[in-house]
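Below: one structure, written as structure tokens.
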Amino acid sequence: MDEEYDAIVLGTGLKECVISGMLSVSGKKVLHIDRNNYYGGESASLTPLEQLYEKFHGANAKPPTEMGRGRDWNVDLIPKFLMANGSLVKLLIHTGVTRYLEFKSIEGSYVYRGGKIYKVPADEMEALATSLMGMFEKRRFKKFLVWVQQFDQNKPDTWQGLDPNVHTMQQVYEKFGLDENTADFTGHALALYRDDNYKAQTFAPSVEKIRLYSDSLARYGKSPYLYPLYGLGELPQGFARLSAIYGGTYMLDKQVDNIVYENGKAIGVKCGDDIVKGKQIYCDPSYAPDKVKKVGQVVRAICLLNHPIPNTNDAQSCQIIIPQKQVGRHYDIYISLVSNTNMVTPKGWFIAMVSTTVETGNPEAEIIPGLTLLGAITEKFISVSDVFEPVDHGAESQVFISCSYDPTSHFESTCRDVLEVFQRGTTTEFDFTKITHLSLEDNE
């Protein structure tokens, strides 16, 4: 292994696979290594079902026979939905990964309020029909949505007296007379913020996020979210194939001892007796424990159900967001549901995931509001994971580390991290304008 690579990527989690694909497409010579014998790292998709039972319950654990054939299950350890108009879809299209993947629209997007689940109203028609708000509030909310759609940062005549450089999102809510409940689901279920800090910040980023939600919804109808058939495990593999087409080299099940430095700068990776040379290293936190800090924890419960989630109109797939205020928390609780329509379970079975950021010494109790909404749970698997962030940007060491996965049930924060790592490593922003095909269907 004498040759030198432009980049060595360690770990085949989704973030690392996306970065590897982007680097290969950008003309870099990439070597991609994983210590596991499967793709996906922390964000792997487990199949057959026996794998899930063994991971959580020990070597000889077996699922009950009524759960059908083990290989009809694909259980994502960290399920996340893709925003139909979001960065990851643009990235998939830009890099050509869509050739290897098939997507299906998620059937519903819901928000929790006062003990009940409501469909998230995302356009003017739904705003007028929803029972989330009274009649006068609906009219105010409709006016707000119309303003969001026509707002243009470069055209002051669209601002309606609200300056994006001065006014906060809280002031926008006040100007349109929106009450706290409306602000709650707008910020958390449309703009997808995880806490309320955004209210004190200038409003342009929030308007952008709300618009992304409604543009994504307009694209496919039922909800703004997409999900790959057979689960997320297909995504890292799609990017891996892409990287290989552009000359990237992949090695699974390869011992990785440590990153090798010379004068504080990474020069390669030690694998057993070999040292593989590379100008840059990109990795997840587990490959560079001395260069990351723990910033919190996420609790996740994978729940196997034999029925859809009650009060979701029998949706075969959906997302539910429980805004933090509704249950007296600092962070939101996220629920995602997928089923046989997504080719991840046998007929009649469903996989729900409930997740949030840990705030107390009893993480399992924190997700009870989410678990309660699911109805009868046949089996649940609970994990608490540490969340790590890199201690520096990597400019000196040339080691570029991604953050651990957050509890959100959608991909927007994951994409931001990937684009940021790419920018830190290549010193240039990823250029989305190069993307020519903007519909998944066009790109066959």
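To be explicit about the labels: the chains of the structure tokens are called A, B, and onward in the order shown, and within each one the residues are counted from 1, while ligands get numbers from 1 in the order they are shown.
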Per-residue nearest contacts of stretch 22-123 of chain A to stretch 221-231 of chain A (7 Å; only C-alpha atoms) as JSON lines:
```
{"residue": "A:Ser45", "atom": "CA", "partner": "A:Gly231", "partner_atom": "CA", "distance": 6.7}
{"residue": "A:Asn74", "atom": "CA", "partner": "A:Gly231", "partner_atom": "CA", "distance": 6.2}
{"residue": "A:Asp76", "atom": "CA", "partner": "A:Gly231", "partner_atom": "CA", "distance": 6.5}
{"residue": "A:Phe81", "atom": "CA", "partner": "A:Tyr227", "partner_atom": "CA", "distance": 5.5}
{"residue": "A:Leu82", "atom": "CA", "partner": "A:Leu226", "partner_atom": "CA", "distance": 5.0}
{"residue": "A:Met83", "atom": "CA", "partner": "A:Tyr225", "partner_atom": "CA", "distance": 4.7}
{"residue": "A:Ala84", "atom": "CA", "partner": "A:Tyr225", "partner_atom": "CA", "distance": 5.5}
{"residue": "A:Leu101", "atom": "CA", "partner": "A:Pro228", "partner_atom": "CA", "distance": 6.6}
{"residue": "A:Glu102", "atom": "CA", "partner": "A:Pro228", "partner_atom": "CA", "distance": 5.6}
{"residue": "A:Phe103", "atom": "CA", "partner": "A:Pro228", "partner_atom": "CA", "distance": 4.3}
{"residue": "A:Lys104", "atom": "CA", "partner": "A:Tyr227", "partner_atom": "CA", "distance": 5.5}
{"residue": "A:Ser105", "atom": "CA", "partner": "A:Leu226", "partner_atom": "CA", "distance": 4.4}
{"residue": "A:Ile106", "atom": "CA", "partner": "A:Tyr225", "partner_atom": "CA", "distance": 5.4}
{"residue": "A:Glu107", "atom": "CA", "partner": "A:Lys222", "partner_atom": "CA", "distance": 5.4}
{"residue": "A:Gly108", "atom": "CA", "partner": "A:Ser223", "partner_atom": "CA", "distance": 5.2}
{"residue": "A:Ser109", "atom": "CA", "partner": "A:Ser223", "partner_atom": "CA", "distance": 5.7}
```
Hey, what's within 10 Å of stretch 258-267 of chain A if we count only C-alpha atoms and toss same-chain stuff fewer than 4 positions away? As a list in words, please?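 My reading of the contact set: Glu4, Tyr5, Ile8, Leu10, Cys271, Gly272, Ile275, Val276, Lys277, Gly278, Lys279, Gln280, Ile281, Tyr287, Ala288, Pro289, Gly394, Ala395, Glu396, Ser397, Gln398 and Val399 of chain A.
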Interface rows for stretch 140-181 of chain A against stretch 113-132 of chain A: nearest pair, Å to one decimal, 8 Å, only C-alpha atoms, as CSV:
```
residue,atom,partner,partner_atom,distance
A:Phe141,CA,A:Ala127,CA,7.0
A:Lys142,CA,A:Glu124,CA,5.5
A:Leu145,CA,A:Glu124,CA,7.0
A:Val146,CA,A:Glu124,CA,7.7
```
Dump as a PDB file, in the first residue's frame, selection limited to N, CA, C and O atoms:
```
ATOM      1  N   PHE A 141     -52.633  33.160  10.242  1.00  0.00           N
ATOM      2  CA  PHE A 141     -51.591  32.208   9.836  1.00  0.00           C
ATOM      3  C   PHE A 141     -51.489  32.155   8.313  1.00  0.00           C
ATOM      4  O   PHE A 141     -50.400  32.098   7.740  1.00  0.00           O
ATOM      5  N   LYS A 142     -52.642  32.205   7.654  1.00  0.00           N
ATOM      6  CA  LYS A 142     -52.650  32.188   6.187  1.00  0.00           C
ATOM      7  C   LYS A 142     -51.900  33.416   5.653  1.00  0.00           C
ATOM      8  O   LYS A 142     -51.073  33.315   4.742  1.00  0.00           O
ATOM      9  N   LEU A 145     -48.229  32.837   5.979  1.00  0.00           N
ATOM     10  CA  LEU A 145     -47.683  31.904   4.971  1.00  0.00           C
ATOM     11  C   LEU A 145     -47.530  32.592   3.616  1.00  0.00           C
ATOM     12  O   LEU A 145     -46.560  32.361   2.899  1.00  0.00           O
ATOM     13  N   VAL A 146     -48.515  33.438   3.266  1.00  0.00           N
ATOM     14  CA  VAL A 146     -48.434  34.161   1.989  1.00  0.00           C
ATOM     15  C   VAL A 146     -47.199  35.074   2.002  1.00  0.00           C
ATOM     16  O   VAL A 146     -46.428  35.134   1.041  1.00  0.00           O
TER      17      VAL A 146
END
```
Considering only alpha helix (DSSP H) as DSSP defines it on the backbone, what residues of stretch 87-274 of chain A qualify? List them as a VMD selection string. chain A and resid 87 to 95 124 to 129 135 to 150 169 to 175 180 to 185 204 to 220 234 to 245
Next on the checklist: Taking only C-alpha atoms into account, name the residue in A:Ala218, A:Val338, A:Leu242, A:Ile321 that is nearest to A:Leu23.
Outcome noted: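 Smallest separation from A:Leu23 among the options: A:Leu242.
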Closest of A:Gln324, A:Ser43, A:Ser20, A:Gln150 to A:Tyr405, counting only C-alpha atoms, is A:Ser43
So what do you get for atom CA of A:Arg69 versus atom CA of A:Pro346, distance-wise?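 Here the two named atoms are 7.4 Å from each other.
Each of A:Gly361, A:Pro323, A:Gly248, A:Gly238 was checked against A:Thr98 using only C-alpha atoms; the smallest atom-to-atom distance is that of A:Gly238.
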### Message
Could you go through stretch 200-305 of chain A and tell me which residues DSSP, when run on the backbone, assigns to strand (DSSP E or B), listing them as a ChimeraX atom specification?
### Response
/A:202,225-228,249-251,258-262,265-271,274-283,292-305
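With only C-alpha atoms as the basis for measurement, A:Asp72 is the residue among A:Val256, A:Asn362, A:Asp72, A:Ala240 that approaches A:Lys347 most closely.
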